[in-house]
$ cat start12.txt   # compact mmCIF, C-alpha atoms and all ligand atoms
# COMPACT_ATOMS: atom_id res chain seq x y z
CA MET A 1 46.61 79.94 47.00
CA GLN A 2 47.51 81.01 43.45
CA SER A 3 51.00 82.28 42.81
CA VAL A 4 51.69 86.03 42.46
CA GLU A 5 52.81 85.49 38.87
CA LYS A 6 49.62 83.66 37.91
CA ILE A 7 47.33 86.31 39.40
CA LYS A 8 49.32 89.05 37.67
CA SER A 9 48.87 87.36 34.28
CA GLU A 10 45.14 86.92 34.91
CA LEU A 11 44.91 90.62 35.74
CA LYS A 12 46.66 91.48 32.51
CA ALA A 13 44.26 89.35 30.52
CA LEU A 14 41.32 90.91 32.33
CA ASN A 15 42.52 94.45 31.58
CA ALA A 16 42.63 93.52 27.89
CA GLU A 17 38.91 92.63 28.08
CA TYR A 18 38.03 96.30 28.73
CA SER A 19 38.82 97.18 25.10
CA LYS A 20 35.96 94.90 24.04
CA ILE A 21 33.37 97.14 25.70
CA LYS A 22 33.15 99.54 22.79
CA GLU A 23 32.41 96.67 20.36
CA LEU A 24 29.33 95.59 22.32
CA PRO A 25 25.79 96.85 21.73
CA LYS A 26 25.03 99.81 23.95
CA GLU A 27 22.62 98.02 26.29
CA GLU A 28 25.12 95.29 27.15
CA ARG A 29 28.07 97.57 27.83
CA LYS A 30 27.10 98.56 31.36
CA SER A 31 26.61 95.07 32.80
CA PHE A 32 29.72 93.76 30.99
CA GLY A 33 31.81 96.60 32.47
CA GLN A 34 30.39 96.00 35.95
CA GLU A 35 31.24 92.31 35.66
CA LEU A 36 34.85 93.15 34.69
CA ASN A 37 35.21 95.61 37.61
CA LYS A 38 34.03 92.97 40.04
CA LYS A 39 36.48 90.39 38.68
CA ARG A 40 39.30 92.93 38.80
CA ALA A 41 38.60 93.92 42.44
CA ASP A 42 38.58 90.23 43.28
CA LEU A 43 41.91 89.55 41.52
CA GLU A 44 43.54 92.59 43.14
CA GLU A 45 42.54 91.33 46.56
CA GLN A 46 44.01 87.91 45.76
CA LEU A 47 47.21 89.54 44.52
CA LYS A 48 47.67 91.46 47.77
CA ALA A 49 47.16 88.29 49.84
CA ALA A 50 49.56 86.30 47.63
CA GLU A 51 52.23 89.03 47.91
CA ASP A 52 51.94 89.16 51.72
CA ALA A 53 52.24 85.40 51.91
CA ALA A 54 55.33 85.42 49.68
CA GLU A 55 56.96 87.99 51.96
CA ASP A 56 56.28 85.91 55.08
CA ALA A 57 57.70 82.86 53.36
CA ASP A 58 61.13 84.57 53.17
CA VAL A 59 61.52 84.07 56.94
CA ALA A 60 62.64 80.54 57.69
CA PRO A 61 59.91 78.78 59.60
CA ILE A 62 60.72 77.68 63.16
CA ASP A 63 61.53 74.02 63.40
CA GLU A 64 59.42 72.97 66.35
CA THR A 65 60.97 69.51 66.41
CA ALA A 66 64.57 70.78 66.79
CA PRO A 67 66.20 69.60 70.07
CA ALA A 68 66.43 72.30 72.75
CA ALA A 69 70.02 73.20 73.74
CA PRO A 70 69.80 75.55 76.69
CA ASN A 71 73.54 75.24 77.51
CA THR A 72 74.77 76.34 74.11
CA GLU A 73 77.74 78.75 74.40
CA ILE A 74 76.63 82.16 73.29
CA PRO A 75 79.44 84.14 71.68
CA ARG A 76 80.35 86.90 74.13
CA PHE A 77 81.83 90.33 73.70
CA LYS A 78 85.07 90.72 75.59
CA LEU A 79 84.27 93.04 78.47
CA GLY A 80 86.93 95.29 79.93
CA SER A 81 88.02 95.05 83.53
CA LYS A 82 89.65 97.23 86.14
CA HIS A 83 93.34 97.82 85.61
CA PRO A 84 95.34 95.93 88.28
CA LEU A 85 96.89 99.18 89.50
CA MET A 86 93.45 100.65 90.16
CA THR A 87 92.25 97.51 91.94
CA GLU A 88 95.32 97.57 94.19
CA LEU A 89 95.15 101.32 94.73
CA ASN A 90 91.59 100.87 95.97
CA ARG A 91 92.84 98.25 98.44
CA VAL A 92 95.45 100.69 99.71
CA LEU A 93 92.88 103.49 100.03
CA SER A 94 90.53 101.23 101.89
CA ILE A 95 93.27 100.43 104.44
CA TYR A 96 93.87 104.15 104.93
CA SER A 97 90.18 104.91 105.33
CA HIS A 98 89.95 102.27 108.02
CA MET A 99 92.73 104.15 109.82
CA GLY A 100 90.62 107.33 109.57
CA PHE A 101 92.25 109.12 106.64
CA ASP A 102 90.28 111.23 104.17
CA ILE A 103 91.03 110.79 100.47
CA MET A 104 91.71 113.68 98.14
CA GLU A 105 92.41 113.35 94.43
CA SER A 106 95.60 114.58 92.80
CA ARG A 107 95.76 116.21 89.38
CA GLN A 108 97.68 115.62 86.17
CA LEU A 109 98.84 119.16 85.55
CA ASP A 110 100.28 121.49 88.16
CA ASN A 111 102.59 124.47 88.50
CA GLU A 112 105.99 125.55 89.75
CA TYR A 113 104.55 126.71 93.08
CA ASN A 114 103.03 123.38 94.11
CA MET A 115 105.80 121.29 92.58
CA PHE A 116 108.64 123.20 94.25
CA ASP A 117 108.10 126.52 96.07
CA ALA A 118 105.38 125.39 98.47
CA LEU A 119 107.55 122.37 99.31
CA ASN A 120 110.52 124.44 100.43
CA PHE A 121 112.68 123.88 97.36
CA HIS A 122 114.46 127.25 97.19
CA LYS A 123 114.92 128.82 93.77
CA GLY A 124 117.94 127.23 92.14
CA HIS A 125 117.96 124.36 94.66
CA PRO A 126 119.78 121.41 93.06
CA ALA A 127 117.07 119.00 94.27
CA ARG A 128 114.73 120.58 91.70
CA ASP A 129 116.73 118.84 88.97
CA GLY A 130 116.42 115.49 90.72
CA TYR A 131 112.74 115.30 89.80
CA ASP A 132 113.18 115.16 86.01
CA THR A 133 110.02 117.15 85.42
CA PHE A 134 108.24 117.46 82.11
CA ARG A 135 107.00 120.94 81.24
CA THR A 136 104.35 122.17 78.86
CA ALA A 137 105.00 125.10 76.51
CA GLU A 138 103.06 127.26 79.02
CA ASN A 139 105.40 126.10 81.81
CA PHE A 140 102.88 123.91 83.58
CA ILE A 141 104.32 120.78 85.19
CA PRO A 142 102.75 117.32 85.07
CA PRO A 143 103.43 116.44 88.73
CA ALA A 144 106.59 114.40 89.34
CA HIS A 145 105.29 113.35 92.77
CA THR A 146 102.03 113.53 94.69
CA SER A 147 103.71 115.88 97.20
CA THR A 148 102.51 118.66 94.84
CA MET A 149 99.19 118.26 96.64
CA GLN A 150 100.52 118.89 100.15
CA ASN A 151 99.92 122.65 100.17
CA ARG A 152 96.36 122.26 98.87
CA ALA A 153 95.59 119.50 101.37
CA LEU A 154 96.96 121.48 104.31
CA LYS A 155 94.93 124.54 103.32
CA ARG A 156 91.77 122.58 102.67
CA TYR A 157 91.78 120.81 106.03
CA LYS A 158 93.40 123.38 108.29
CA ASP A 159 90.09 124.35 109.90
CA ASN A 160 90.10 120.86 111.43
CA LEU A 161 93.00 122.09 113.61
CA LYS A 162 91.16 125.20 114.81
CA ASN A 163 88.35 122.93 115.92
CA GLY A 164 90.78 120.85 118.00
CA GLY A 165 91.06 118.06 115.42
CA GLN A 166 93.74 116.81 113.04
CA ILE A 167 94.56 116.82 109.37
CA ALA A 168 94.63 113.22 108.16
CA VAL A 169 94.48 112.80 104.41
CA VAL A 170 95.90 110.57 101.69
CA ILE A 171 96.24 111.65 98.08
CA PRO A 172 96.65 109.12 95.28
CA GLY A 173 97.71 110.33 91.87
CA ARG A 174 99.38 109.73 88.56
CA VAL A 175 102.89 111.15 88.31
CA PHE A 176 105.32 111.76 85.46
CA ARG A 177 109.09 111.84 85.14
CA ASN A 178 111.19 112.61 82.15
CA GLU A 179 113.64 109.75 82.48
CA ASP A 180 114.58 106.70 80.47
CA ALA A 181 112.29 103.74 81.06
CA ASP A 182 113.71 100.39 82.11
CA ALA A 183 112.43 97.44 84.17
CA THR A 184 112.25 99.56 87.32
CA HIS A 185 111.65 103.05 85.90
CA GLU A 186 108.66 104.33 83.98
CA HIS A 187 107.83 107.85 82.79
CA THR A 188 104.28 107.47 84.12
CA PHE A 189 103.41 105.78 87.39
CA TYR A 190 101.25 106.09 90.49
CA GLN A 191 102.00 107.37 93.96
CA CYS A 192 100.06 107.84 97.12
CA GLU A 193 100.84 110.70 99.47
CA GLY A 194 99.90 110.95 103.13
CA VAL A 195 99.70 114.03 105.32
CA PHE A 196 99.01 114.12 109.05
CA VAL A 197 99.05 117.23 111.28
CA SER A 198 98.06 117.65 114.90
CA LYS A 199 99.22 119.47 118.07
CA ASP A 200 101.57 116.64 118.94
CA ALA A 201 102.17 114.42 115.91
CA THR A 202 105.24 112.21 116.34
CA MET A 203 107.55 110.13 114.22
CA GLY A 204 106.41 107.11 116.23
CA GLN A 205 102.84 107.61 115.04
CA MET A 206 104.09 107.84 111.47
CA LEU A 207 106.02 104.58 111.70
CA GLY A 208 102.94 102.93 113.21
CA VAL A 209 100.76 104.08 110.30
CA LEU A 210 103.28 102.85 107.73
CA LYS A 211 103.90 99.48 109.34
CA ASN A 212 100.16 98.94 109.63
CA LEU A 213 99.67 99.88 105.97
CA PHE A 214 102.22 97.41 104.63
CA GLU A 215 101.32 94.57 106.98
CA THR A 216 97.62 94.89 106.15
CA TYR A 217 98.27 95.15 102.42
CA TYR A 218 100.53 92.08 102.30
CA GLY A 219 98.48 90.24 104.94
CA GLN A 220 101.42 89.32 107.18
CA LYS A 221 103.85 90.60 109.82
CA LEU A 222 106.83 92.37 108.26
CA ASN A 223 110.27 93.47 109.35
CA THR A 224 110.61 97.20 108.69
CA LYS A 225 113.34 99.77 109.18
CA THR A 226 114.17 103.35 108.25
CA GLN A 227 117.31 104.97 106.97
CA PRO A 228 118.16 108.66 106.61
CA GLY A 229 116.94 110.35 103.46
CA TYR A 230 116.79 113.86 102.12
CA PHE A 231 113.75 115.82 100.99
CA PRO A 232 113.51 119.62 101.24
CA PHE A 233 109.95 119.34 102.57
CA THR A 234 110.68 117.15 105.60
CA GLU A 235 113.05 117.54 108.53
CA PRO A 236 114.22 114.99 109.46
CA SER A 237 113.69 112.92 106.30
CA LEU A 238 113.63 109.14 106.17
CA GLU A 239 113.29 106.27 103.77
CA PHE A 240 111.03 103.46 104.91
CA LEU A 241 112.04 99.89 104.04
CA ILE A 242 110.50 96.47 104.42
CA GLU A 243 112.30 93.17 104.39
CA LYS A 244 111.16 91.13 101.43
CA PRO A 245 109.09 88.34 102.99
CA LYS A 246 109.79 84.70 102.14
CA SER A 247 106.24 84.25 100.88
CA LEU A 248 106.96 86.92 98.26
CA GLY A 249 110.22 85.44 97.09
CA GLY A 250 112.54 86.96 99.73
CA LYS A 251 115.55 85.01 100.96
CA GLY A 252 115.80 86.80 104.29
CA ASP A 253 118.36 89.35 103.17
CA GLY A 254 116.68 91.83 100.85
CA TRP A 255 115.49 95.23 102.05
CA LEU A 256 113.16 97.16 99.75
CA GLU A 257 112.77 100.92 99.91
CA MET A 258 109.02 101.49 99.83
CA LEU A 259 108.64 105.24 100.36
CA GLY A 260 110.03 108.55 101.52
CA CYS A 261 108.75 110.19 104.70
CA GLY A 262 109.54 112.57 107.51
CA MET A 263 108.34 115.33 109.80
CA ILE A 264 106.85 118.14 107.72
CA HIS A 265 109.31 121.04 107.41
CA PRO A 266 108.15 124.17 109.31
CA ASN A 267 108.27 126.20 106.07
CA VAL A 268 105.80 123.84 104.40
CA LEU A 269 103.35 124.33 107.27
CA LYS A 270 103.90 128.12 107.14
CA ASN A 271 103.24 128.17 103.37
CA ALA A 272 99.79 126.79 104.13
CA GLY A 273 99.15 129.26 106.94
CA ILE A 274 99.69 126.75 109.76
CA ASP A 275 101.83 127.85 112.73
CA PRO A 276 104.74 125.37 113.10
CA ASP A 277 105.24 126.38 116.73
CA GLU A 278 101.75 125.19 117.50
CA TYR A 279 101.37 122.19 115.19
CA LYS A 280 103.52 119.28 114.05
CA GLY A 281 103.02 116.98 111.13
CA PHE A 282 104.40 114.06 109.23
CA ALA A 283 104.10 113.18 105.56
CA TRP A 284 105.04 110.32 103.31
CA GLY A 285 104.76 109.28 99.69
CA GLY A 286 105.57 106.23 97.66
CA GLY A 287 104.93 104.36 94.45
CA ILE A 288 101.90 102.15 94.00
CA ASP A 289 103.41 100.27 91.05
CA ARG A 290 106.27 99.04 93.20
CA LEU A 291 103.88 97.84 95.89
CA VAL A 292 101.89 95.82 93.36
CA MET A 293 105.00 94.42 91.65
CA LEU A 294 106.17 92.92 94.93
CA LYS A 295 102.73 91.46 95.65
CA TYR A 296 102.51 89.67 92.28
CA GLY A 297 106.21 89.01 91.70
CA LEU A 298 106.31 91.26 88.61
CA THR A 299 109.78 92.05 87.33
CA ASP A 300 109.06 94.84 84.84
CA ILE A 301 107.19 98.03 85.73
CA ARG A 302 106.57 98.76 82.04
CA TYR A 303 103.84 96.12 81.86
CA PHE A 304 101.45 98.47 83.66
CA GLU A 305 101.37 101.13 80.96
CA SER A 306 101.91 98.70 78.07
CA GLY A 307 98.23 98.13 77.27
CA SER A 308 99.11 94.45 76.72
CA LEU A 309 95.93 92.38 76.92
CA LYS A 310 97.96 89.28 77.68
CA PHE A 311 99.29 90.99 80.80
CA LEU A 312 95.92 92.44 81.84
CA GLU A 313 94.15 89.11 81.42
CA GLU A 314 96.42 87.63 84.09
CA PHE A 315 94.45 89.61 86.68
N1 LIG B 1 107.73 112.96 97.00
C1 LIG B 1 108.86 112.11 97.32
C2 LIG B 1 109.30 111.40 96.04
O1 LIG B 1 108.53 111.20 95.15
C3 LIG B 1 108.46 111.10 98.37
C4 LIG B 1 108.18 111.74 99.69
C5 LIG B 1 109.18 111.91 100.59
C6 LIG B 1 106.92 112.18 100.01
C7 LIG B 1 108.97 112.49 101.83
C8 LIG B 1 106.68 112.78 101.25
C9 LIG B 1 107.71 112.93 102.14
O2 LIG B 1 105.47 113.22 101.62
O3 LIG B 1 107.47 113.52 103.34
O4 LIG B 1 110.45 111.05 95.96
$ encode --input "start12.txt" --output "structure tokens" --more "lines below"
Ligand code: DAH
Amino acid sequence: MQSVEKIKSELKALNAEYSKIKELPKEERKSFGQELNKKRADLEEQLKAAEDAAEDADVAPIDETAPAAPNTEIPRFKLGSKHPLMTELNRVLSIYSHMGFDIMESRQLDNEYNMFDALNFHKGHPARDGYDTFRTAENFIPPAHTSTMQNRALKRYKDNLKNGGQIAVVIPGRVFRNEDADATHEHTFYQCEGVFVSKDATMGQMLGVLKNLFETYYGQKLNTKTQPGYFPFTEPSLEFLIEKPKSLGGKGDGWLEMLGCGMIHPNVLKNAGIDPDEYKGFAWGGGIDRLVMLKYGLTDIRYFESGSLKFLEEF
């Protein structure tokens, strides 16, 4: 095939021929002109074909003799993954669902009523200060514990009681405290709350639920104990501890406080329209971060919120 340049120059020369027409005798002009038109149409067709071919030639031809390499590493985008706290929280929730608990979601902004009043913190109660709450300009409170959900949970499920059933619900959520961060304190962390109400709920049932939770989560028998605690929303109030198992770095002498718990205070039941003379309940709440730190031997809670890829890639 002729090159684009060559055809273009031929076309130029041909166009110049047209000026000769007027110099010819009249009777020859027509056939001469027709001849030129035919040549021009022909050249234009060739030009189009040559231009198309030149365009195709820009694409490197496939080398059919190149060796096939089906195992070549293809560069990959780095995909994200579930945050370790969420993976572990799902494990915890799955243990609770196997025990028959419903799951309700917490929220990241709440109010004075759910944070304190509904939970039997009287106005001016010194325990209000113990929670180091943040506040928005509008006086909303990012919850300092998942107990803020107790009143909503009790109200939502109280028809279960009328129908002869129970309230059995767990509520995971993100919580916030206005305190200085260090290896064991973070301003943002996760908790999971549990609420159980029935005609004859007992402390023994509560301890059974908690022991089962921790033993299933850590996959081994554990020594557990309680010690007295204080929360305005439970009476009596307890702290639940497990002995740090050898497999998780324990030396047989360390007790770890895992959560707060107790029998739901009659006022908390009343605030949700449940008669405390007729029904009893227990509730508990504790940090998820702490649970996960023990499982993986982590020594600094701040890793979780750090956004460090190096940390996240460990999981
Ligand atoms: N909300 C408490 C805290 O964050 C923990 C707690 C204690 C939750 C006793 C409960 C409970 O439900 O009954 O310190």
$ residues_near_ligand --input "start12.txt" --ligand "ligand LIG 1 (chain B)" --cutoff "7 Å" --atoms "only C-alpha atoms and all ligand atoms" --output "ChimeraX atom specification"
/A:144-147,193-195,231,233-234,237,259-264,282-286
$ residues_near_point --input "start12.txt" --point "(95.3, 115.2, 84.8)" --cutoff "12 Å" --atoms "all atoms listed in the file" --output "NGL selection string"
:A and (105-110 or 140-143 or 173-176 or 188)
$ atom_distance --input "start12.txt" --atom1 "CA of Cys192 in chain A" --atom2 "CA of Gly307 in chain A"
22.2 Å
$ residues_around --input "start12.txt" --residues "Val268 in chain A" --least-positions-apart "6" --cutoff "8 Å" --atoms "all atoms listed in the file" --output "ChimeraX atom specification"
/A:118-120,151,233
$ residues_around --input "start12.txt" --residues "Thr87 in chain A" --least-positions-apart "3" --cutoff "12 Å" --atoms "only C-alpha atoms" --output "PDB file with C-alpha atoms, keeping the file's coordinate frame"
ATOM      1  CA  SER A  81      88.020  95.050  83.530  1.00  0.00           C
ATOM      2  CA  LYS A  82      89.650  97.230  86.140  1.00  0.00           C
ATOM      3  CA  HIS A  83      93.340  97.820  85.610  1.00  0.00           C
ATOM      4  CA  PRO A  84      95.340  95.930  88.280  1.00  0.00           C
ATOM      5  CA  ASN A  90      91.590 100.870  95.970  1.00  0.00           C
ATOM      6  CA  ARG A  91      92.840  98.250  98.440  1.00  0.00           C
ATOM      7  CA  VAL A  92      95.450 100.690  99.710  1.00  0.00           C
ATOM      8  CA  LEU A  93      92.880 103.490 100.030  1.00  0.00           C
ATOM      9  CA  SER A  94      90.530 101.230 101.890  1.00  0.00           C
ATOM     10  CA  ILE A 288     101.900 102.150  94.000  1.00  0.00           C
ATOM     11  CA  ASP A 289     103.410 100.270  91.050  1.00  0.00           C
ATOM     12  CA  VAL A 292     101.890  95.820  93.360  1.00  0.00           C
ATOM     13  CA  LEU A 312      95.920  92.440  81.840  1.00  0.00           C
ATOM     14  CA  PHE A 315      94.450  89.610  86.680  1.00  0.00           C
TER      15      PHE A 315
END
$ atom_distance --input "start12.txt" --atom1 "CA of Lys162 in chain A" --atom2 "CA of Phe121 in chain A"
27.7 Å
$ closest_residue --input "start12.txt" --among "A:Met293, A:Met206, A:Ala127, A:Val197" --to "Pro276 in chain A" --atoms "all atoms listed in the file"
A:Val197
$ closest_residue --input "start12.txt" --among "A:Leu85, A:Val169, A:Val59, A:Ile103" --to "Lys295 in chain A" --atoms "all atoms listed in the file"
A:Leu85
$ closest_residue --input "start12.txt" --among "A:Tyr157, A:Glu51, A:Ala16, A:Trp255" --to "Gln227 in chain A" --atoms "only C-alpha atoms"
A:Trp255
$ atom_distance --input "start12.txt" --atom1 "CA of Asn114 in chain A" --atom2 "CA of Gly130 in chain A"
15.9 Å
$ residues_around --input "start12.txt" --residues "range 46-50 of chain A" --least-positions-apart "6" --cutoff "9 Å" --atoms "all atoms listed in the file" --output "list in words"
Met1, Gln2, Ser3, Val4, Glu5, Ile7 and Lys8 of chain A
$ axis_aligned_box --input "start12.txt" --around "range 72-77 of chain A" --padding-each-side "5 Å" --output "JSON"
{"center_x": 78.3, "center_y": 83.3, "center_z": 73.0, "size_x": 17.1, "size_y": 24.0, "size_z": 12.7}
$ residues_around --input "start12.txt" --residues "range 18-20 of chain A" --least-positions-apart "2" --cutoff "9 Å" --atoms "all atoms listed in the file" --output "VMD selection string"
chain A and resid 14 to 16 22 to 24 32 to 33 36
$ residues_near_point --input "start12.txt" --point "(110.5, 105.2, 85.5)" --cutoff "12 Å" --atoms "only C-alpha atoms" --output "list in words"
Tyr131, Asp132, Thr133, Ala144, Val175, Phe176, Arg177, Asn178, Glu179, Asp180, Ala181, Asp182, Ala183, Thr184, His185, Glu186, His187, Thr188, Phe189, Tyr190, Gly287, Asp289, Arg290, Asp300, Ile301, Arg302, Tyr303, Phe304 and Glu305 of chain A
